[in-house]
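With PDB, C-alpha atoms inside, this is target-v9.pdb:
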ATOM      1  CA  MET T   1      65.930  62.149  58.331
ATOM      2  CA  ALA T   2      62.679  61.899  56.382
ATOM      3  CA  VAL T   3      61.397  59.327  58.881
ATOM      4  CA  CYS T   4      62.340  61.652  61.741
ATOM      5  CA  VAL T   5      60.462  64.506  60.068
ATOM      6  CA  LEU T   6      57.390  62.289  59.777
ATOM      7  CA  SER T   7      57.745  61.441  63.467
ATOM      8  CA  ILE T   8      57.835  65.143  64.374
ATOM      9  CA  ALA T   9      54.801  65.862  62.182
ATOM     10  CA  LEU T  10      52.853  62.926  63.587
ATOM     11  CA  SER T  11      53.632  63.917  67.184
ATOM     12  CA  THR T  12      52.999  67.652  66.890
ATOM     13  CA  GLY T  13      50.656  68.260  63.943
ATOM     14  CA  MET T  14      52.973  71.024  62.694
ATOM     15  CA  ASN T  15      52.901  72.334  59.131
ATOM     16  CA  LEU T  16      55.784  71.512  56.810
ATOM     17  CA  THR T  17      57.470  74.923  56.600
ATOM     18  CA  PRO T  18      57.915  75.409  60.384
ATOM     19  CA  ILE T  19      59.378  71.897  60.592
ATOM     20  CA  LEU T  20      61.877  72.530  57.799
ATOM     21  CA  GLU T  21      62.976  75.737  59.525
ATOM     22  CA  LEU T  22      63.515  74.240  62.981
ATOM     23  CA  THR T  23      66.800  75.084  64.688
ATOM     24  CA  THR T  24      69.014  72.919  66.870
ATOM     25  CA  ASP T  25      67.848  74.714  70.011
ATOM     26  CA  CYS T  26      64.128  74.308  69.202
ATOM     27  CA  VAL T  27      63.690  71.804  72.050
ATOM     28  CA  GLN T  28      63.779  73.566  75.421
ATOM     29  CA  PRO T  29      63.354  72.240  78.991
ATOM     30  CA  HIS T  30      59.831  72.402  80.387
ATOM     31  CA  PRO T  31      59.645  74.844  83.307
ATOM     32  CA  LEU T  32      57.373  72.587  85.408
ATOM     33  CA  LYS T  33      57.652  68.927  84.377
ATOM     34  CA  SER T  34      60.868  66.981  83.876
ATOM     35  CA  ASN T  35      59.274  64.439  81.493
ATOM     36  CA  LEU T  36      58.148  67.163  79.083
ATOM     37  CA  ARG T  37      59.981  69.401  76.632
ATOM     38  CA  LEU T  38      58.933  72.564  74.812
ATOM     39  CA  LEU T  39      59.212  72.704  71.031
ATOM     40  CA  VAL T  40      59.630  76.291  69.806
ATOM     41  CA  SER T  41      58.876  76.999  66.136
ATOM     42  CA  PHE T  42      58.093  80.022  63.984
ATOM     43  CA  LYS T  43      55.056  80.331  61.731
ATOM     44  CA  ARG T  44      55.681  82.744  58.869
ATOM     45  CA  ARG T  45      52.080  83.259  57.833
ATOM     46  CA  GLY T  46      51.048  84.284  61.331
ATOM     47  CA  ASN T  47      54.408  85.960  62.023
ATOM     48  CA  ALA T  48      54.368  84.359  65.446
ATOM     49  CA  THR T  49      56.377  81.940  67.570
ATOM     50  CA  HIS T  50      54.595  78.778  68.694
ATOM     51  CA  VAL T  51      55.421  76.598  71.667
ATOM     52  CA  VAL T  52      54.340  72.952  71.866
ATOM     53  CA  ALA T  53      54.746  70.684  74.877
ATOM     54  CA  LEU T  54      56.348  67.335  74.003
ATOM     55  CA  ARG T  55      56.602  64.191  76.073
ATOM     56  CA  LYS T  56      60.190  63.112  76.574
ATOM     57  CA  SER T  57      61.013  59.406  76.638
ATOM     58  CA  GLU T  58      63.153  58.166  79.501
ATOM     59  CA  GLU T  59      64.615  55.504  77.183
ATOM     60  CA  VAL T  60      66.199  57.565  74.448
ATOM     61  CA  PRO T  61      68.542  54.781  73.142
ATOM     62  CA  GLU T  62      65.589  52.606  72.169
ATOM     63  CA  MET T  63      64.699  53.046  68.517
ATOM     64  CA  ALA T  64      60.997  52.562  69.253
ATOM     65  CA  SER T  65      60.913  55.738  71.294
ATOM     66  CA  ILE T  66      62.104  57.740  68.283
ATOM     67  CA  HIS T  67      58.825  57.076  66.518
ATOM     68  CA  LEU T  68      56.772  57.995  69.550
ATOM     69  CA  TYR T  69      58.172  61.322  70.674
ATOM     70  CA  ALA T  70      59.229  64.306  68.584
ATOM     71  CA  ALA T  71      61.823  65.417  71.148
ATOM     72  CA  ASP T  72      63.702  62.143  70.741
ATOM     73  CA  ALA T  73      63.646  62.436  66.943
ATOM     74  CA  ILE T  74      65.095  65.940  67.149
ATOM     75  CA  ASP T  75      67.809  64.808  69.582
ATOM     76  CA  LEU T  76      68.715  62.015  67.169
ATOM     77  CA  ILE T  77      69.059  64.447  64.248
ATOM     78  CA  VAL T  78      71.200  66.853  66.307
ATOM     79  CA  THR T  79      73.565  64.020  67.226
ATOM     80  CA  ARG T  80      73.865  62.390  63.818
ATOM     81  CA  ASN T  81      74.344  65.436  61.599
ATOM     82  CA  ALA T  82      76.622  67.425  63.938
ATOM     83  CA  THR T  83      79.617  67.155  61.604
ATOM     84  CA  THR T  84      77.652  68.108  58.490
ATOM     85  CA  ARG T  85      75.917  70.950  60.307
ATOM     86  CA  ALA T  86      79.251  72.426  61.368
ATOM     87  CA  GLN T  87      80.158  72.799  57.668
ATOM     88  CA  PHE T  88      76.850  74.453  56.752
ATOM     89  CA  ASP T  89      76.572  78.244  56.406
ATOM     90  CA  ASP T  90      73.890  78.223  59.133
ATOM     91  CA  PRO T  91      75.153  75.891  61.893
ATOM     92  CA  ASN T  92      71.906  76.274  63.839
ATOM     93  CA  ARG T  93      69.781  74.792  61.066
ATOM     94  CA  LEU T  94      68.460  71.421  62.258
ATOM     95  CA  LEU T  95      67.553  69.603  59.047
ATOM     96  CA  VAL T  96      70.770  69.457  57.047
ATOM     97  CA  TYR T  97      72.452  66.482  55.382
ATOM     98  CA  LYS T  98      75.445  65.572  53.241
ATOM     99  CA  GLY T  99      74.603  65.536  49.547
ATOM    100  CA  ALA T 100      75.079  62.337  47.557
ATOM    101  CA  ARG T 101      74.326  63.346  43.953
ATOM    102  CA  GLY T 102      75.756  65.567  41.243
ATOM    103  CA  LYS T 103      77.395  68.793  42.299
ATOM    104  CA  TYR T 104      76.140  68.352  45.878
ATOM    105  CA  VAL T 105      78.205  65.215  46.612
ATOM    106  CA  ASP T 106      79.723  65.450  50.122
ATOM    107  CA  LYS T 107      78.458  69.018  50.480
ATOM    108  CA  PRO T 108      76.142  70.151  53.317
ATOM    109  CA  CYS T 109      72.557  70.749  52.081
ATOM    110  CA  ARG T 110      69.414  71.859  53.837
ATOM    111  CA  LEU T 111      66.356  69.655  53.617
ATOM    112  CA  THR T 112      63.729  71.051  51.217
ATOM    113  CA  SER T 113      60.136  70.044  50.593
ATOM    114  CA  SER T 114      60.985  68.473  47.218
ATOM    115  CA  VAL T 115      63.822  66.367  48.665
ATOM    116  CA  LEU T 116      61.599  65.367  51.575
ATOM    117  CA  ASN T 117      58.766  64.285  49.277
ATOM    118  CA  TYR T 118      61.214  62.246  47.173
ATOM    119  CA  SER T 119      62.567  60.541  50.294
ATOM    120  CA  ILE T 120      59.099  59.818  51.675
ATOM    121  CA  ASN T 121      58.026  58.262  48.363
ATOM    122  CA  ALA T 122      61.173  56.115  48.380
ATOM    123  CA  PHE T 123      60.345  55.072  51.954
ATOM    124  CA  VAL T 124      56.794  54.108  50.918
ATOM    125  CA  ASP T 125      58.128  52.104  47.950
ATOM    126  CA  GLN T 126      60.814  50.395  50.012
ATOM    127  CA  HIS T 127      58.355  49.135  52.608
ATOM    128  CA  GLN T 128      55.434  48.635  50.176
ATOM    129  CA  LEU T 129      53.077  50.778  52.257
ATOM    130  CA  GLN T 130      49.546  50.495  50.885
ATOM    131  CA  THR T 131      46.020  51.667  51.579
ATOM    132  CA  ASP T 132      43.175  49.268  52.383
ATOM    133  CA  ASP T 133      42.375  48.905  48.683
ATOM    134  CA  GLY T 134      45.952  47.949  47.767
ATOM    135  CA  LYS T 135      47.050  51.284  46.293
ATOM    136  CA  PRO T 136      50.365  52.947  47.269
ATOM    137  CA  LEU T 137      49.925  55.017  50.423
ATOM    138  CA  THR T 138      49.977  58.781  49.961
ATOM    139  CA  LEU T 139      52.113  59.978  52.842
ATOM    140  CA  ASN T 140      53.023  63.580  53.589
ATOM    141  CA  VAL T 141      53.190  66.084  56.437
ATOM    142  CA  SER T 142      49.830  67.687  55.581
ATOM    143  CA  ARG T 143      48.052  64.348  55.752
ATOM    144  CA  LEU T 144      49.636  63.508  59.112
ATOM    145  CA  ARG T 145      48.575  66.908  60.447
ATOM    146  CA  GLN T 146      44.998  66.333  59.322
ATOM    147  CA  THR T 147      44.999  62.845  60.842
ATOM    148  CA  LEU T 148      46.231  64.127  64.196
ATOM    149  CA  LEU T 149      43.743  67.006  64.343
ATOM    150  CA  ASN T 150      40.838  64.747  63.371
ATOM    151  CA  ARG T 151      41.860  62.358  66.134
ATOM    152  CA  ILE T 152      41.919  65.208  68.646
ATOM    153  CA  TRP T 153      38.558  66.356  67.269
ATOM    154  CA  GLU T 154      37.098  62.916  68.000
ATOM    155  CA  MET T 155      38.726  62.427  71.410
ATOM    156  CA  SER T 156      37.650  65.880  72.612
ATOM    157  CA  GLY T 157      34.006  65.121  71.823
ATOM    158  CA  GLN T 158      34.078  67.393  68.745
ATOM    159  CA  ASP T 159      35.289  70.379  70.774
ATOM    160  CA  PRO T 160      36.180  73.045  68.157
ATOM    161  CA  LEU T 161      38.053  75.325  70.566
ATOM    162  CA  MET T 162      40.317  72.611  71.948
ATOM    163  CA  THR T 163      41.057  71.208  68.489
ATOM    164  CA  ALA T 164      41.781  74.647  67.002
ATOM    165  CA  ARG T 165      44.048  75.487  69.936
ATOM    166  CA  THR T 166      45.991  72.257  69.413
ATOM    167  CA  GLY T 167      46.333  72.930  65.689
ATOM    168  CA  ARG T 168      47.235  76.585  66.358
ATOM    169  CA  HIS T 169      44.699  77.943  63.896
ATOM    170  CA  ALA T 170      41.278  79.592  63.950
ATOM    171  CA  VAL T 171      38.086  77.596  64.431
ATOM    172  CA  GLU T 172      36.969  78.660  60.952
ATOM    173  CA  THR T 173      40.174  77.236  59.434
ATOM    174  CA  GLY T 174      39.684  73.898  61.152
ATOM    175  CA  ASN T 175      36.075  73.686  60.025
ATOM    176  CA  ALA T 176      37.024  74.419  56.427
ATOM    177  CA  HIS T 177      40.129  72.257  56.055
ATOM    178  CA  TYR T 178      40.645  69.701  58.828
ATOM    179  CA  TRP T 179      37.724  68.355  60.818
ATOM    180  CA  GLU T 180      35.539  65.545  59.558
ATOM    181  CA  ALA T 181      32.062  64.742  60.784
ATOM    182  CA  PRO T 182      31.766  61.493  62.781
ATOM    183  CA  PRO T 183      30.188  58.515  60.923
ATOM    184  CA  GLU T 184      26.864  58.840  62.747
ATOM    185  CA  ALA T 185      26.500  62.476  61.627
ATOM    186  CA  GLU T 186      25.876  61.465  58.014
ATOM    187  CA  THR T 187      23.145  59.022  59.050
ATOM    188  CA  ASN T 188      21.477  61.593  61.306
ATOM    189  CA  MET T 189      21.636  64.356  58.706
ATOM    190  CA  ARG T 190      20.323  62.074  55.970
ATOM    191  CA  PHE T 191      17.319  61.175  58.098
ATOM    192  CA  LEU T 192      16.706  64.850  58.797
ATOM    193  CA  GLY T 193      17.077  65.684  55.114
ATOM    194  CA  GLU T 194      14.671  62.988  53.967
ATOM    195  CA  ALA T 195      12.094  64.120  56.515
ATOM    196  CA  ARG T 196      12.437  67.739  55.415
ATOM    197  CA  VAL T 197      12.211  66.881  51.725
ATOM    198  CA  GLU T 198       9.126  64.767  52.327
ATOM    199  CA  GLU T 199       7.542  67.655  54.227
ATOM    200  CA  LEU T 200       8.208  70.135  51.443
ATOM    201  CA  LEU T 201       7.186  67.768  48.666
ATOM    202  CA  SER T 202       3.896  67.124  50.422
ATOM    203  CA  THR T 203       3.080  70.864  50.314
ATOM    204  CA  PRO T 204       1.964  71.725  46.752
ATOM    205  CA  THR T 205       2.134  75.452  47.398
ATOM    206  CA  ILE T 206       5.882  75.183  47.979
ATOM    207  CA  ILE T 207       7.165  72.559  45.539
ATOM    208  CA  ALA T 208       5.074  70.917  42.851
ATOM    209  CA  SER T 209       5.568  67.311  41.793
ATOM    210  CA  ASP T 210       7.727  68.304  38.823
ATOM    211  CA  ARG T 211       9.926  70.724  40.763
ATOM    212  CA  THR T 212      13.051  70.365  42.827
ATOM    213  CA  PRO T 213      14.234  72.708  45.587
ATOM    214  CA  VAL T 214      16.495  74.303  42.972
ATOM    215  CA  ALA T 215      14.251  74.643  39.881
ATOM    216  CA  SER T 216      12.152  72.245  37.773
ATOM    217  CA  CYS T 217      12.654  68.743  36.456
ATOM    218  CA  GLN T 218      11.164  66.785  33.581
ATOM    219  CA  ASN T 219      10.550  63.924  36.000
ATOM    220  CA  VAL T 220      11.761  64.041  39.610
ATOM    221  CA  ARG T 221      11.213  60.296  40.042
ATOM    222  CA  ARG T 222      12.337  58.923  36.658
ATOM    223  CA  GLY T 223      14.663  61.666  35.385
ATOM    224  CA  HIS T 224      18.269  61.396  34.275
ATOM    225  CA  ARG T 225      19.839  61.380  37.759
ATOM    226  CA  ALA T 226      16.796  60.180  39.710
ATOM    227  CA  PRO T 227      17.082  56.896  41.662
ATOM    228  CA  LYS T 228      14.271  55.408  39.506
ATOM    229  CA  ASP T 229      12.921  53.432  42.436
ATOM    230  CA  GLY T 230       9.800  55.503  42.935
ATOM    231  CA  GLU T 231      11.479  57.944  45.315
ATOM    232  CA  PRO T 232      11.998  61.610  44.342
ATOM    233  CA  CYS T 233      15.520  62.660  43.378
ATOM    234  CA  GLN T 234      17.445  64.368  46.180
ATOM    235  CA  ASP T 235      20.656  65.114  44.286
ATOM    236  CA  TYR T 236      20.105  68.876  44.333
ATOM    237  CA  LEU T 237      23.645  69.826  43.342
ATOM    238  CA  GLY T 238      23.471  67.275  40.544
ATOM    239  CA  CYS T 239      20.622  69.240  38.924
ATOM    240  CA  PHE T 240      23.177  71.408  37.137
ATOM    241  CA  ARG T 241      24.652  68.317  35.455
ATOM    242  CA  CYS T 242      21.320  66.602  34.814
ATOM    243  CA  LYS T 243      19.709  66.220  31.375
ATOM    244  CA  SER T 244      16.268  66.549  32.988
ATOM    245  CA  PHE T 245      17.039  69.945  34.564
ATOM    246  CA  VAL T 246      14.613  72.706  33.535
ATOM    247  CA  VAL T 247      14.535  76.378  34.595
ATOM    248  CA  THR T 248      11.464  78.529  33.983
ATOM    249  CA  GLY T 249      10.646  82.037  35.094
ATOM    250  CA  ASP T 250       8.696  80.610  38.031
ATOM    251  CA  ASP T 251      11.849  78.826  39.199
ATOM    252  CA  LEU T 252      14.098  81.867  39.444
ATOM    253  CA  TYR T 253      13.037  82.690  43.001
ATOM    254  CA  ARG T 254      14.075  79.248  44.281
ATOM    255  CA  LEU T 255      17.165  79.218  42.104
ATOM    256  CA  PHE T 256      18.412  82.553  43.416
ATOM    257  CA  SER T 257      17.496  81.598  46.985
ATOM    258  CA  PHE T 258      19.936  78.716  46.583
ATOM    259  CA  TYR T 259      22.417  81.086  44.906
ATOM    260  CA  TRP T 260      22.426  83.520  47.849
ATOM    261  CA  ALA T 261      22.581  80.683  50.384
ATOM    262  CA  ALA T 262      25.708  79.414  48.635
ATOM    263  CA  LEU T 263      27.364  82.843  48.805
ATOM    264  CA  ARG T 264      26.323  83.560  52.404
ATOM    265  CA  ASN T 265      27.501  80.226  53.780
ATOM    266  CA  TYR T 266      30.988  80.057  52.261
ATOM    267  CA  ASP T 267      32.709  79.954  55.676
ATOM    268  CA  THR T 268      30.353  77.503  57.372
ATOM    269  CA  PHE T 269      30.254  75.196  54.345
ATOM    270  CA  GLY T 270      34.039  74.953  54.242
ATOM    271  CA  GLY T 271      36.305  76.622  51.712
ATOM    272  CA  LYS T 272      37.504  73.471  49.958
ATOM    273  CA  ARG T 273      34.049  71.911  49.750
ATOM    274  CA  TRP T 274      32.573  75.216  48.571
ATOM    275  CA  ALA T 275      35.109  75.492  45.761
ATOM    276  CA  LYS T 276      34.554  71.848  44.788
ATOM    277  CA  TYR T 277      30.747  71.729  44.820
ATOM    278  CA  LEU T 278      29.345  75.283  44.650
ATOM    279  CA  LYS T 279      31.792  77.567  42.854
ATOM    280  CA  GLN T 280      30.854  76.297  39.399
ATOM    281  CA  VAL T 281      27.159  76.290  40.282
ATOM    282  CA  VAL T 282      27.250  80.000  41.154
ATOM    283  CA  ARG T 283      29.089  80.701  37.901
ATOM    284  CA  LEU T 284      26.542  78.704  35.863
ATOM    285  CA  ILE T 285      23.641  80.633  37.347
ATOM    286  CA  ASP T 286      25.288  83.983  36.575
ATOM    287  CA  GLU T 287      26.653  83.187  33.125
ATOM    288  CA  GLU T 288      24.532  80.398  31.644
ATOM    289  CA  ILE T 289      21.039  80.626  33.155
ATOM    290  CA  ALA T 290      20.258  84.240  34.089
ATOM    291  CA  PRO T 291      21.050  85.703  30.604
ATOM    292  CA  HIS T 292      18.195  83.626  29.097
ATOM    293  CA  PHE T 293      15.563  85.657  30.990
ATOM    294  CA  ASP T 294      14.492  89.278  30.985
ATOM    295  CA  ALA T 295      17.112  91.303  32.869
ATOM    296  CA  VAL T 296      14.553  93.328  34.848
ATOM    297  CA  PHE T 297      12.671  90.187  35.920
ATOM    298  CA  VAL T 298      15.941  88.466  36.880
ATOM    299  CA  SER T 299      16.994  91.466  38.960
ATOM    300  CA  LYS T 300      13.654  91.496  40.756
ATOM    301  CA  GLN T 301      13.758  87.790  41.584
ATOM    302  CA  ARG T 302      17.406  88.042  42.616
ATOM    303  CA  GLU T 303      16.670  90.803  45.128
ATOM    304  CA  ARG T 304      13.569  89.039  46.421
ATOM    305  CA  ALA T 305      15.540  85.865  47.028
ATOM    306  CA  LYS T 306      18.327  87.803  48.713
ATOM    307  CA  HIS T 307      16.109  89.449  51.308
ATOM    308  CA  GLN T 308      13.311  86.855  51.570
ATOM    309  CA  PRO T 309      14.880  83.487  50.704
ATOM    310  CA  HIS T 310      12.789  80.421  50.013
ATOM    311  CA  PRO T 311      12.308  78.376  53.255
ATOM    312  CA  PHE T 312      14.334  75.522  51.786
ATOM    313  CA  TRP T 313      17.395  77.705  51.277
ATOM    314  CA  ARG T 314      17.675  79.737  54.454
ATOM    315  CA  ASP T 315      20.953  77.852  54.933
ATOM    316  CA  LEU T 316      22.891  75.056  53.199
ATOM    317  CA  SER T 317      21.987  72.179  55.511
ATOM    318  CA  MET T 318      20.084  70.485  52.695
ATOM    319  CA  ALA T 319      22.917  71.026  50.203
ATOM    320  CA  ARG T 320      25.295  69.266  52.594
ATOM    321  CA  MET T 321      23.018  66.246  52.423
ATOM    322  CA  ALA T 322      23.492  66.111  48.657
ATOM    323  CA  ILE T 323      27.268  65.693  48.956
TER     324      ILE T 323
END
Turn the structure described in the file into structure tokens.
Amino acid sequence: MAVCVLSIALSTGMNLTPILELTTDCVQPHPLKSNLRLLVSFKRRGNATHVVALRKSEEVPEMASIHLYAADAIDLIVTRNATTRAQFDDPNRLLVYKGARGKYVDKPCRLTSSVLNYSINAFVDQHQLQTDDGKPLTLNVSRLRQTLLNRIWEMSGQDPLMTARTGRHAVETGNAHYWEAPPEAETNMRFLGEARVEELLSTPTIIASDRTPVASCQNVRRGHRAPKDGEPCQDYLGCFRCKSFVVTGDDLYRLFSFYWAALRNYDTFGGKRWAKYLKQVVRLIDEEIAPHFDAVFVSKQRERAKHQPHPFWRDLSMARMAI
């Protein structure tokens, strides 16, 4: 049953809870095409019913088709657990099984997330599934959903509307949690970032030789986190963990420009990445750096940066390059 659940997740990109709550009549005939089926599920968080079109194999008895099409996997479950399901208090529940341990021996049980995770881990161990570096493969419904949506993202030419529609979520949700930039995007953005940094570093009125876009540095070329190859350090987010990091009163304008950019661009930066890379930085500025300066001066620089941000921090495109 765990393998069938993985097949459904891989074919549809559904979240775990809607899969666990599927009913025996969730697969309905397609009104237009005989080789398609409609999968009807309910999403609690959105309080809405979702319909997904599934391709139906013409060769149901073949085991290979079970792994390819979610409709076949569901048909297989309905057939194999019919007796157990008839003994369950909810005979329409799809994912039920006969218990084999403790007080649940020979009793009908519904599939839960914990039991599913245990079964998937046993499946991974049994078949010695590994990643490219030889570590045990981490396999779960969420990862399969992300894999499917990223594949759709690539095949659609990075079309956010089509990918979000397939995943049945908002574009903002996909940008924050699912989509990954194509490999060439990192190269292109790095080139753009290096060009922009070189432009700003070559303008003394904007950034002096001992300053970074965030604040100051004891040595931008030979400091603690600098590459030490003659090139200026570009690890802007690393400044807050760097022994060479220095903040003076003259730096507060740039520092708070970065601070406001981080707060303004939470959605576009991506919720998970924001929490991982910027949440602590914002806290450090508020609690560890600002209290060391005159409160009136800090307030003035904070408001200036909020309404007239430094050119480097009008958005977080440069911070993305540091990740």
**Asked** Where does the PyMOL selection byres ((chain T and resi 212-216) around 7) land in this file, that is, which residues does it pick, as a VMD selection string?
**Response** chain T and resid 207 210 to 211 217 to 218 236 245 to 247 251 254 to 255 258 312
**Request:** For the file shown, report as an MDAnalysis selection string the outcome of the PyMOL selection byres ((chain T and resi 290-299) around 10) at residue level.
**Result:** chainID T and resid 247:249 252:253 255:256 284:289 300:305
**Fill in**
Atom pair atom CA of Ala82 of chain T + atom CA of Cys26 of chain T, distance 15.2 Å
**Request:** Tell me, in Å to one decimal, how far atom CA of Tyr97 of chain T is from atom CA of Asp72 of chain T.
**Result:** 18.2 Å
**Item:** Nearest residue to Thr112 of chain T from the set T:Gly271, T:Ala2, T:His127, T:Ser244 (distances using all atoms listed in the file)
**Value:**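 Smallest distance to Thr112 of chain T is found for T:Ala2.
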**Message:** Which residues, named as in the file, does the PyMOL selection byres ((chain T and resi 5) around 12) pick out? Answer as a PyMOL selection string.
**Reply:** chain T and resi 1-4+6-22+66-67+69-74+76-77+94-96+111-113+116-117+119-120+139-142+144
